[in-house]
file target00.txt (compact mmCIF, C-alpha atoms)
# COMPACT_ATOMS: atom_id res chain seq x y z
CA MET X 1 -108.65 57.77 11.70
CA LYS X 2 -108.02 60.16 8.83
CA PHE X 3 -104.71 61.64 7.74
CA ARG X 4 -104.35 65.41 8.12
CA ASP X 5 -102.27 67.25 5.54
CA TYR X 6 -101.10 70.19 7.61
CA TYR X 7 -99.37 71.79 4.63
CA GLU X 8 -102.61 71.71 2.66
CA THR X 9 -104.49 73.13 5.65
CA LEU X 10 -102.23 76.19 5.72
CA GLY X 11 -101.88 76.36 1.95
CA VAL X 12 -98.08 76.16 1.91
CA ALA X 13 -95.56 73.92 0.14
CA ARG X 14 -93.85 71.12 2.06
CA GLY X 15 -90.56 73.01 1.75
CA ALA X 16 -91.99 76.25 3.15
CA THR X 17 -89.81 78.31 5.49
CA GLU X 18 -90.75 79.19 9.05
CA ALA X 19 -91.61 82.74 7.94
CA GLU X 20 -93.91 81.49 5.16
CA ILE X 21 -95.71 79.15 7.55
CA LYS X 22 -96.20 81.93 10.09
CA ALA X 23 -97.54 84.33 7.46
CA ALA X 24 -99.99 81.75 6.11
CA TYR X 25 -101.23 80.94 9.60
CA ARG X 26 -101.81 84.58 10.54
CA LYS X 27 -103.76 85.22 7.35
CA LEU X 28 -106.02 82.19 7.82
CA ALA X 29 -106.42 82.70 11.57
CA ARG X 30 -107.74 86.23 10.97
CA LYS X 31 -110.12 84.93 8.30
CA TYR X 32 -111.62 82.08 10.36
CA HIS X 33 -111.42 83.44 13.92
CA PRO X 34 -114.80 82.81 15.62
CA ASP X 35 -115.00 86.44 16.74
CA VAL X 36 -114.84 87.55 13.11
CA ASN X 37 -116.28 84.73 11.02
CA LYS X 38 -119.78 83.58 12.03
CA GLU X 39 -120.24 81.17 9.11
CA ALA X 40 -121.00 77.51 9.82
CA GLY X 41 -117.81 75.49 10.09
CA ALA X 42 -115.54 78.50 10.61
CA GLU X 43 -114.73 77.53 14.20
CA ASP X 44 -113.77 73.99 13.19
CA GLN X 45 -111.62 75.39 10.40
CA PHE X 46 -109.96 77.72 12.91
CA LYS X 47 -109.11 74.75 15.17
CA GLU X 48 -107.65 72.78 12.26
CA ILE X 49 -105.51 75.76 11.29
CA GLY X 50 -104.27 76.09 14.87
CA GLU X 51 -103.32 72.41 15.05
CA ALA X 52 -101.52 72.54 11.71
CA TYR X 53 -99.54 75.58 12.82
CA ALA X 54 -98.68 73.98 16.18
CA VAL X 55 -96.98 71.16 14.27
CA LEU X 56 -95.35 73.01 11.39
CA LYS X 57 -93.94 75.88 13.47
CA ASP X 58 -92.19 73.38 15.77
CA THR X 59 -88.92 72.07 14.32
CA GLU X 60 -89.16 68.67 16.02
CA LYS X 61 -92.87 68.05 15.44
CA ARG X 62 -92.53 69.08 11.81
CA ALA X 63 -89.56 66.79 11.23
CA ALA X 64 -91.48 63.90 12.82
CA TYR X 65 -94.57 64.68 10.73
CA ASP X 66 -92.48 64.85 7.54
CA ARG X 67 -91.34 61.28 8.23
CA MET X 68 -94.79 60.16 7.08
CA GLY X 69 -93.77 61.23 3.57
CA ALA X 70 -95.61 63.15 0.87
CA ASN X 71 -97.72 60.24 -0.45
CA TRP X 72 -100.47 60.50 2.16
CA LYS X 73 -103.57 62.43 1.11
CA ASN X 74 -105.77 64.60 3.29
CA GLY X 75 -108.70 62.53 4.60
CA GLN X 76 -107.10 59.19 3.71
CA ASP X 77 -107.49 56.34 6.21
CA PHE X 78 -104.37 56.38 8.31
CA THR X 79 -102.57 54.30 10.93
CA PRO X 80 -99.04 55.29 12.01
CA PRO X 81 -96.52 52.82 10.55
CA PRO X 82 -94.97 50.53 13.18
CA ASN X 83 -91.97 52.13 14.88
CA TRP X 84 -92.23 55.16 12.59
CA ASN X 85 -90.32 57.25 15.16
CA GLU X 86 -87.35 54.87 15.55
CA GLY X 87 -84.08 56.77 15.87
CA PHE X 88 -85.81 60.16 15.97
CA GLU X 89 -84.05 62.28 18.60
CA TYR X 90 -85.94 65.10 20.27
CA ALA X 91 -85.39 67.48 23.18
CA ASP X 92 -87.25 67.14 26.46
CA SER X 93 -89.54 70.10 25.82
CA GLY X 94 -90.16 69.82 22.13
CA PHE X 95 -92.01 66.68 21.00
CA GLY X 96 -94.74 65.07 23.09
CA GLY X 97 -97.99 67.02 23.45
CA GLY X 98 -97.60 70.71 24.12
CA TYR X 99 -100.49 71.92 21.94
CA GLU X 100 -103.10 73.63 24.10
CA GLY X 101 -106.04 73.48 21.65
CA ASP X 102 -108.42 70.62 20.94
CA GLN X 103 -106.20 67.78 19.76
CA SER X 104 -107.41 65.58 16.93
CA GLU X 105 -107.06 61.81 17.06
CA PHE X 106 -104.46 62.14 14.30
CA PHE X 107 -102.37 64.59 16.36
CA GLU X 108 -102.50 62.37 19.44
CA SER X 109 -101.50 59.27 17.45
CA LEU X 110 -98.21 60.97 16.53
CA PHE X 111 -97.42 63.24 19.46
CA GLY X 112 -99.46 61.90 22.36
CA ARG X 113 -101.59 63.95 24.70
CA GLY X 114 -100.54 65.78 27.84
CA ARG X 115 -96.94 64.55 27.63
CA HIS X 116 -95.40 68.01 27.32
CA ARG X 117 -92.51 68.24 29.75
CA GLN X 118 -90.44 71.16 30.86
CA GLY X 119 -86.91 71.11 29.59
CA GLY X 120 -83.68 71.52 31.50
CA ARG X 121 -83.52 75.30 31.00
CA GLY X 122 -85.82 76.25 33.88
CA GLY X 123 -83.24 76.33 36.63
CA ASP X 124 -82.83 78.66 39.54
CA PRO X 125 -82.44 82.27 38.31
CA ARG X 126 -79.74 82.75 40.95
CA GLN X 127 -77.58 80.38 38.93
CA GLY X 128 -77.35 83.00 36.18
CA MET X 129 -76.61 81.45 32.80
CA ASN X 130 -74.97 78.30 34.14
CA LEU X 131 -77.71 75.89 33.20
CA LYS X 132 -77.73 72.19 32.46
CA GLY X 133 -78.61 71.24 28.89
CA GLN X 134 -81.94 69.72 27.94
CA ASP X 135 -82.41 65.99 28.15
CA HIS X 136 -82.99 64.27 24.81
CA HIS X 137 -85.06 61.20 23.97
CA ALA X 138 -85.13 58.64 21.17
CA LYS X 139 -86.62 55.22 20.50
CA ILE X 140 -84.36 52.42 19.29
CA LEU X 141 -85.05 48.83 18.25
CA ILE X 142 -82.90 45.90 19.34
CA ASP X 143 -83.00 42.16 18.68
CA ILE X 144 -84.54 39.83 21.25
CA ALA X 145 -81.17 38.06 21.43
CA ASP X 146 -79.65 41.32 22.72
CA ALA X 147 -81.93 41.18 25.76
CA TYR X 148 -80.86 37.59 26.45
CA ASN X 149 -77.13 38.02 25.96
CA GLY X 150 -76.39 41.74 26.22
CA ALA X 151 -74.70 43.44 23.27
CA LYS X 152 -72.72 46.38 21.99
CA ARG X 153 -74.37 48.21 19.11
CA THR X 154 -73.73 51.30 16.99
CA ILE X 155 -76.94 53.27 16.57
CA ALA X 156 -77.79 56.17 14.26
CA LEU X 157 -79.98 58.98 15.60
CA HIS X 158 -81.56 61.77 13.58
CA MET X 159 -81.95 65.15 15.27
CA PRO X 160 -84.12 67.82 13.57
CA THR X 161 -82.56 71.26 13.10
CA GLN X 162 -83.46 74.46 11.30
CA ASP X 163 -81.07 76.17 8.92
CA ALA X 164 -80.53 79.92 8.57
CA SER X 165 -83.28 80.21 5.94
CA GLY X 166 -85.88 78.52 8.13
CA HIS X 167 -85.93 75.12 6.43
CA VAL X 168 -86.10 71.99 8.61
CA THR X 169 -83.37 69.40 8.12
CA THR X 170 -82.08 66.47 10.15
CA GLN X 171 -78.55 65.75 11.31
CA GLU X 172 -77.35 62.21 11.92
CA ARG X 173 -75.07 61.17 14.72
CA LYS X 174 -73.83 57.70 15.61
CA LEU X 175 -73.28 56.38 19.10
CA ASP X 176 -71.80 53.18 20.50
CA VAL X 177 -74.25 51.76 23.01
CA SER X 178 -73.99 48.86 25.46
CA ILE X 179 -77.28 46.95 25.70
CA PRO X 180 -77.52 45.36 29.15
CA LYS X 181 -78.65 41.78 29.50
CA GLY X 182 -82.26 41.57 30.68
CA ILE X 183 -83.50 44.88 29.28
CA LYS X 184 -87.20 44.91 28.34
CA ALA X 185 -89.35 46.79 25.87
CA GLY X 186 -90.41 50.14 27.31
CA GLN X 187 -87.35 50.56 29.51
CA ASN X 188 -85.10 53.59 29.06
CA LEU X 189 -81.36 53.41 28.68
CA ARG X 190 -79.70 56.58 30.05
CA LEU X 191 -76.58 57.94 28.35
CA SER X 192 -75.12 60.58 30.64
CA GLY X 193 -74.03 63.82 28.97
CA GLN X 194 -75.32 62.86 25.51
CA GLY X 195 -78.24 65.30 25.53
CA GLY X 196 -78.31 68.99 24.67
CA PRO X 197 -75.34 71.25 25.50
CA GLY X 198 -75.40 73.26 28.71
CA MET X 199 -74.85 76.99 29.18
CA GLY X 200 -71.89 78.43 31.03
CA THR X 201 -70.60 75.84 33.46
CA GLY X 202 -73.78 73.79 33.21
CA GLY X 203 -73.17 70.27 31.97
CA ALA X 204 -74.81 68.63 28.99
CA GLY X 205 -78.18 66.96 29.41
CA ASP X 206 -78.70 63.22 29.21
CA LEU X 207 -80.00 61.06 26.39
CA TYR X 208 -82.73 58.54 27.19
CA LEU X 209 -83.14 55.66 24.73
CA GLU X 210 -86.52 53.95 24.87
CA ILE X 211 -86.09 50.26 24.06
CA ASP X 212 -88.30 48.19 21.77
CA PHE X 213 -87.71 44.98 19.82
CA HIS X 214 -87.40 44.41 16.11
CA PRO X 215 -90.32 42.31 14.84
CA ASN X 216 -89.25 38.68 14.90
CA PRO X 217 -90.67 35.95 12.64
CA ILE X 218 -90.40 33.33 15.41
CA TYR X 219 -90.76 34.99 18.81
CA ARG X 220 -93.35 37.26 20.38
CA VAL X 221 -92.55 39.23 23.53
CA ASP X 222 -94.92 40.29 26.28
CA GLY X 223 -93.04 42.03 29.09
CA LYS X 224 -90.50 39.47 30.33
CA ASP X 225 -92.31 36.52 28.73
CA VAL X 226 -91.56 35.14 25.28
CA TYR X 227 -93.91 33.09 23.08
CA LEU X 228 -92.98 30.61 20.37
CA ASP X 229 -95.15 28.50 18.03
CA ILE X 230 -93.88 24.94 17.47
CA PRO X 231 -95.27 23.13 14.39
CA LEU X 232 -96.12 19.44 14.92
CA ALA X 233 -97.09 16.72 12.47
CA PRO X 234 -100.44 15.07 13.31
CA TRP X 235 -98.76 11.84 14.45
CA GLU X 236 -96.34 13.78 16.69
CA ALA X 237 -99.24 15.48 18.42
CA ALA X 238 -101.21 12.22 18.70
CA LEU X 239 -98.40 9.90 19.81
CA GLY X 240 -96.04 12.31 21.53
CA THR X 241 -92.46 13.20 20.62
CA THR X 242 -89.45 15.23 21.66
CA VAL X 243 -88.57 18.45 19.81
CA ASN X 244 -85.73 20.94 19.92
CA VAL X 245 -86.90 24.39 21.00
CA PRO X 246 -84.63 27.18 19.68
CA MET X 247 -83.88 29.82 22.31
CA PRO X 248 -83.49 33.54 21.53
CA SER X 249 -80.05 33.32 23.14
CA GLY X 250 -78.90 31.03 20.32
CA SER X 251 -78.99 27.74 22.26
CA ALA X 252 -81.71 25.08 22.16
CA LEU X 253 -83.68 22.98 24.65
CA GLU X 254 -85.33 19.59 24.32
CA LEU X 255 -89.05 19.62 25.05
CA LYS X 256 -91.17 16.50 25.50
CA ILE X 257 -94.50 16.73 23.70
CA PRO X 258 -97.03 14.49 25.49
CA ALA X 259 -99.34 12.21 23.54
CA GLY X 260 -102.68 13.77 22.71
CA THR X 261 -101.35 17.33 22.48
CA VAL X 262 -103.82 19.74 20.88
CA ALA X 263 -103.08 22.92 18.97
CA GLY X 264 -102.76 25.99 21.18
CA ARG X 265 -101.94 24.08 24.36
CA LYS X 266 -99.58 26.38 26.28
CA MET X 267 -96.38 24.74 27.54
CA ARG X 268 -94.40 26.79 30.01
CA LEU X 269 -90.62 26.74 30.31
CA LYS X 270 -90.16 28.50 33.62
CA GLY X 271 -87.41 31.09 33.82
CA LYS X 272 -86.51 30.80 30.14
CA GLY X 273 -87.93 34.18 29.15
CA ILE X 274 -85.99 37.43 29.24
CA PRO X 275 -83.43 37.14 32.05
CA SER X 276 -83.58 39.36 35.13
CA ALA X 277 -83.60 39.03 38.91
CA GLU X 278 -87.02 37.41 38.37
CA PRO X 279 -86.74 36.07 34.80
CA GLY X 280 -89.71 35.71 32.52
CA ASP X 281 -90.98 32.45 31.08
CA LEU X 282 -90.88 30.96 27.60
CA TYR X 283 -94.23 29.66 26.39
CA VAL X 284 -94.36 27.08 23.61
CA LEU X 285 -97.65 26.84 21.70
CA PRO X 286 -98.03 23.77 19.45
CA THR X 287 -99.62 24.10 16.02
CA ILE X 288 -100.68 21.12 13.91
CA VAL X 289 -99.35 21.06 10.35
CA LEU X 290 -101.18 18.81 7.91
CA PRO X 291 -98.95 17.27 5.21
CA LYS X 292 -100.20 17.46 1.63
CA ALA X 293 -101.45 14.34 -0.09
CA GLU X 294 -99.83 14.64 -3.50
CA THR X 295 -98.93 11.05 -4.49
CA ASP X 296 -101.18 7.99 -4.74
CA ALA X 297 -99.40 6.44 -1.76
CA GLN X 298 -99.98 9.56 0.34
CA LYS X 299 -103.65 9.68 -0.59
CA GLU X 300 -104.01 5.99 0.29
CA ALA X 301 -102.42 6.65 3.68
CA TYR X 302 -105.11 9.23 4.41
CA GLN X 303 -107.82 6.81 3.31
CA ILE X 304 -106.46 4.16 5.68
CA LEU X 305 -106.45 6.75 8.46
CA GLU X 306 -110.06 7.65 7.68
CA LYS X 307 -111.13 4.02 7.98
CA ALA X 308 -109.13 3.46 11.17
CA PHE X 309 -110.98 6.16 13.12
CA ASP X 310 -114.66 6.66 13.74
CA PHE X 311 -114.14 10.40 13.99
CA ASN X 312 -116.31 13.38 13.15
CA PRO X 313 -114.74 16.74 14.11
CA ARG X 314 -118.06 18.55 13.55
CA THR X 315 -120.30 16.77 16.05
CA HIS X 316 -120.57 19.98 18.10
CA LEU X 317 -122.25 21.70 15.14
CA LYS X 318 -125.28 19.42 15.17
CA GLY X 319 -128.49 21.02 16.46

call {"tool": "encode", "arguments": {"input": "target00.txt", "output": "structure tokens"}}
result
Amino acid sequence: MKFRDYYETLGVARGATEAEIKAAYRKLARKYHPDVNKEAGAEDQFKEIGEAYAVLKDTEKRAAYDRMGANWKNGQDFTPPPNWNEGFEYADSGFGGGYEGDQSEFFESLFGRGRHRQGGRGGDPRQGMNLKGQDHHAKILIDIADAYNGAKRTIALHMPTQDASGHVTTQERKLDVSIPKGIKAGQNLRLSGQGGPGMGTGGAGDLYLEIDFHPNPIYRVDGKDVYLDIPLAPWEAALGTTVNVPMPSGSALELKIPAGTVAGRKMRLKGKGIPSAEPGDLYVLPTIVLPKAETDAQKEAYQILEKAFDFNPRTHLKG
């Protein structure tokens, strides 16, 4: 996938105002419209211009796009950074999808496809101007331990706004949030009344926090299940041993490693995954760590081992 520099496409500076973006789009759209320009490639250029304008005219999409920074070049190989949209707050009707033209792979990687939702302003016209505020959404990252134990956290959210001159800025707000025990990645935490303001007697919308986990150097999470690699010395795997398995909750369990354990053998600790009414499981996967032979005594020990076994690990490679 290639990066698309929407500012370059419209020929405007990254700090351009809404009026400057609109003027540039109109000029280019007239030049490359298929009904006017019959040159080869004009229609594709027209579509690229339309996509660029769909992003840069929208306060929330533009703020999200600007998070990628100015170092990316047009046509450069691109993959969205992990959790690039963490803490980015957007209104129900303003972020996902919403562009009616042909969406590029790049556009879909940032904004999704067909996820445009109607905001909370629709309402019944008989209600007059007493309308509930729009719901807001944001993605936050928590620690795996928070899902095991529950936690109280202070989070910072960044909401895009547009100033009087048409420049896009972000405002930060901090919220105290209770993380319930047993929450999983992909679940939404609803904060009542923390969305957009209502009109008249209409109440504020709600804020939905999509949960994901911080990358962890030890644990991997798949739904309710948690995976952990346990390093073993060769003699521990061959003869068997007992090891302490650290739990994400902060405690530890003793696990018996049977003799003859091979690398990758999956050991299941039932019910020790993320807690819930039906808790997940914790899977321990042994890895074999070979100690270095650095001293003469260590090298001799390997030589004795070589003589003690009639063992060829490559017999399966023989034709």

call {"tool": "atom_distance", "arguments": {"input": "target00.txt", "atom1": "atom CA of Asp92 of chain X", "atom2": "atom CA of His136 of chain X"}}
result
5.4 Å

call {"tool": "closest_residue", "arguments": {"input": "target00.txt", "among": "X:Gly69, X:Gly87, X:Gly11, X:Pro291", "to": "Glu172 of chain X", "atoms": "all atoms listed in the file"}}
result
X:Gly87

call {"tool": "residues_around", "arguments": {"input": "target00.txt", "residues": "segment 186-190 of chain X", "least_positions_apart": "3", "cutoff": "7 Å", "atoms": "only C-alpha atoms", "output": "number ranges by chain"}}
result
X: 183, 206-212

call {"tool": "atom_distance", "arguments": {"input": "target00.txt", "atom1": "atom CA of Lys224 of chain X", "atom2": "atom CA of Gly193 of chain X"}}
result
29.4 Å

call {"tool": "closest_residue", "arguments": {"input": "target00.txt", "among": "X:Ala293, X:Ala138, X:Ala29, X:Ile21", "to": "His158 of chain X", "atoms": "all atoms listed in the file"}}
result
X:Ala138

call {"tool": "residues_around", "arguments": {"input": "target00.txt", "residues": "Ala16 of chain X", "least_positions_apart": "3", "cutoff": "9 Å", "atoms": "all atoms listed in the file", "output": "list in words"}}
result
Tyr7, Val12, Ala13, Ala19, Glu20, Ile21, Gly166 and His167 of chain X

call {"tool": "closest_residue", "arguments": {"input": "target00.txt", "among": "X:Tyr283, X:Tyr90, X:Tyr302, X:Tyr53", "to": "Thr161 of chain X", "atoms": "all atoms listed in the file"}}
result
X:Tyr90

call {"tool": "closest_residue", "arguments": {"input": "target00.txt", "among": "X:Phe106, X:Trp235, X:Tyr148, X:Phe46", "to": "Phe78 of chain X", "atoms": "only C-alpha atoms"}}
result
X:Phe106

call {"tool": "closest_residue", "arguments": {"input": "target00.txt", "among": "X:Asp58, X:Asp5, X:Glu254, X:Asp35", "to": "Thr17 of chain X", "atoms": "only C-alpha atoms"}}
result
X:Asp58

call {"tool": "closest_residue", "arguments": {"input": "target00.txt", "among": "X:Arg14, X:Lys2, X:Lys139, X:Lys292", "to": "Pro80 of chain X", "atoms": "all atoms listed in the file"}}
result
X:Lys2

call {"tool": "atom_distance", "arguments": {"input": "target00.txt", "atom1": "atom CA of Ile142 of chain X", "atom2": "atom CA of Phe213 of chain X"}}
result
4.9 Å

call {"tool": "residues_near_point", "arguments": {"input": "target00.txt", "point": "(-81.4, 74.3, 11.3)", "cutoff": "12 Å", "atoms": "only C-alpha atoms", "output": "PyMOL selection string"}}
result
chain X and resi 17-18+58-60+63+159-171

call {"tool": "residues_around", "arguments": {"input": "target00.txt", "residues": "Ala42 of chain X", "least_positions_apart": "5", "cutoff": "7 Å", "atoms": "only C-alpha atoms", "output": "list in words"}}
result
Tyr32, Pro34 and Asn37 of chain X

call {"tool": "build_atoms", "arguments": {"input": "target00.txt", "residues": "segment 264-289 of chain X", "atoms": "N, CA and C atoms", "output": "PDB file, in the coordinates of the input"}}
result
ATOM      1  N   GLY X 264    -102.507  24.882  20.277  1.00  0.00           N
ATOM      2  CA  GLY X 264    -102.760  25.990  21.180  1.00  0.00           C
ATOM      3  C   GLY X 264    -102.504  25.683  22.641  1.00  0.00           C
ATOM      4  N   ARG X 265    -102.235  24.424  22.975  1.00  0.00           N
ATOM      5  CA  ARG X 265    -101.940  24.080  24.360  1.00  0.00           C
ATOM      6  C   ARG X 265    -100.656  24.789  24.796  1.00  0.00           C
ATOM      7  N   LYS X 266    -100.719  25.558  25.857  1.00  0.00           N
ATOM      8  CA  LYS X 266     -99.580  26.380  26.280  1.00  0.00           C
ATOM      9  C   LYS X 266     -98.650  25.563  27.174  1.00  0.00           C
ATOM     10  N   MET X 267     -97.384  25.445  26.750  1.00  0.00           N
ATOM     11  CA  MET X 267     -96.380  24.740  27.540  1.00  0.00           C
ATOM     12  C   MET X 267     -95.378  25.754  28.069  1.00  0.00           C
ATOM     13  N   ARG X 268     -95.208  25.766  29.365  1.00  0.00           N
ATOM     14  CA  ARG X 268     -94.400  26.790  30.010  1.00  0.00           C
ATOM     15  C   ARG X 268     -93.000  26.272  30.348  1.00  0.00           C
ATOM     16  N   LEU X 269     -91.997  27.011  29.903  1.00  0.00           N
ATOM     17  CA  LEU X 269     -90.620  26.740  30.310  1.00  0.00           C
ATOM     18  C   LEU X 269     -90.234  27.828  31.298  1.00  0.00           C
ATOM     19  N   LYS X 270     -90.340  27.506  32.569  1.00  0.00           N
ATOM     20  CA  LYS X 270     -90.160  28.500  33.620  1.00  0.00           C
ATOM     21  C   LYS X 270     -88.742  29.084  33.610  1.00  0.00           C
ATOM     22  N   GLY X 271     -88.694  30.410  33.713  1.00  0.00           N
ATOM     23  CA  GLY X 271     -87.410  31.090  33.820  1.00  0.00           C
ATOM     24  C   GLY X 271     -86.623  31.183  32.532  1.00  0.00           C
ATOM     25  N   LYS X 272     -87.216  30.783  31.414  1.00  0.00           N
ATOM     26  CA  LYS X 272     -86.510  30.800  30.140  1.00  0.00           C
ATOM     27  C   LYS X 272     -86.894  32.004  29.271  1.00  0.00           C
ATOM     28  N   GLY X 273     -87.617  32.948  29.869  1.00  0.00           N
ATOM     29  CA  GLY X 273     -87.930  34.180  29.150  1.00  0.00           C
ATOM     30  C   GLY X 273     -86.764  35.150  29.265  1.00  0.00           C
ATOM     31  N   ILE X 274     -87.054  36.444  29.157  1.00  0.00           N
ATOM     32  CA  ILE X 274     -85.990  37.430  29.240  1.00  0.00           C
ATOM     33  C   ILE X 274     -85.383  37.395  30.641  1.00  0.00           C
ATOM     34  N   PRO X 275     -84.068  37.285  30.737  1.00  0.00           N
ATOM     35  CA  PRO X 275     -83.430  37.140  32.050  1.00  0.00           C
ATOM     36  C   PRO X 275     -83.503  38.427  32.868  1.00  0.00           C
ATOM     37  N   SER X 276     -83.619  38.255  34.173  1.00  0.00           N
ATOM     38  CA  SER X 276     -83.580  39.360  35.130  1.00  0.00           C
ATOM     39  C   SER X 276     -83.515  38.738  36.508  1.00  0.00           C
ATOM     40  N   ALA X 277     -83.600  39.571  37.552  1.00  0.00           N
ATOM     41  CA  ALA X 277     -83.600  39.030  38.910  1.00  0.00           C
ATOM     42  C   ALA X 277     -84.745  38.037  39.081  1.00  0.00           C
ATOM     43  N   GLU X 278     -85.890  38.345  38.451  1.00  0.00           N
ATOM     44  CA  GLU X 278     -87.020  37.410  38.370  1.00  0.00           C
ATOM     45  C   GLU X 278     -87.295  37.204  36.893  1.00  0.00           C
ATOM     46  N   PRO X 279     -86.636  36.225  36.259  1.00  0.00           N
ATOM     47  CA  PRO X 279     -86.740  36.070  34.800  1.00  0.00           C
ATOM     48  C   PRO X 279     -88.155  35.732  34.357  1.00  0.00           C
ATOM     49  N   GLY X 280     -88.430  36.076  33.102  1.00  0.00           N
ATOM     50  CA  GLY X 280     -89.710  35.710  32.520  1.00  0.00           C
ATOM     51  C   GLY X 280     -89.725  34.249  32.116  1.00  0.00           C
ATOM     52  N   ASP X 281     -90.817  33.835  31.523  1.00  0.00           N
ATOM     53  CA  ASP X 281     -90.980  32.450  31.080  1.00  0.00           C
ATOM     54  C   ASP X 281     -91.062  32.395  29.564  1.00  0.00           C
ATOM     55  N   LEU X 282     -90.727  31.230  29.030  1.00  0.00           N
ATOM     56  CA  LEU X 282     -90.880  30.960  27.600  1.00  0.00           C
ATOM     57  C   LEU X 282     -92.075  30.034  27.433  1.00  0.00           C
ATOM     58  N   TYR X 283     -93.029  30.455  26.620  1.00  0.00           N
ATOM     59  CA  TYR X 283     -94.230  29.660  26.390  1.00  0.00           C
ATOM     60  C   TYR X 283     -94.194  29.091  24.974  1.00  0.00           C
ATOM     61  N   VAL X 284     -94.338  27.778  24.889  1.00  0.00           N
ATOM     62  CA  VAL X 284     -94.360  27.080  23.610  1.00  0.00           C
ATOM     63  C   VAL X 284     -95.808  26.720  23.296  1.00  0.00           C
ATOM     64  N   LEU X 285     -96.280  27.115  22.116  1.00  0.00           N
ATOM     65  CA  LEU X 285     -97.650  26.840  21.700  1.00  0.00           C
ATOM     66  C   LEU X 285     -97.618  25.954  20.459  1.00  0.00           C
ATOM     67  N   PRO X 286     -98.039  24.674  20.599  1.00  0.00           N
ATOM     68  CA  PRO X 286     -98.030  23.770  19.450  1.00  0.00           C
ATOM     69  C   PRO X 286     -99.060  24.166  18.390  1.00  0.00           C
ATOM     70  N   THR X 287     -98.692  24.002  17.135  1.00  0.00           N
ATOM     71  CA  THR X 287     -99.620  24.100  16.020  1.00  0.00           C
ATOM     72  C   THR X 287     -99.534  22.794  15.239  1.00  0.00           C
ATOM     73  N   ILE X 288    -100.642  22.372  14.657  1.00  0.00           N
ATOM     74  CA  ILE X 288    -100.680  21.120  13.910  1.00  0.00           C
ATOM     75  C   ILE X 288    -100.575  21.434  12.424  1.00  0.00           C
ATOM     76  N   VAL X 289     -99.564  20.850  11.784  1.00  0.00           N
ATOM     77  CA  VAL X 289     -99.350  21.060  10.350  1.00  0.00           C
ATOM     78  C   VAL X 289     -99.745  19.803   9.595  1.00  0.00           C
TER      79      VAL X 289
END
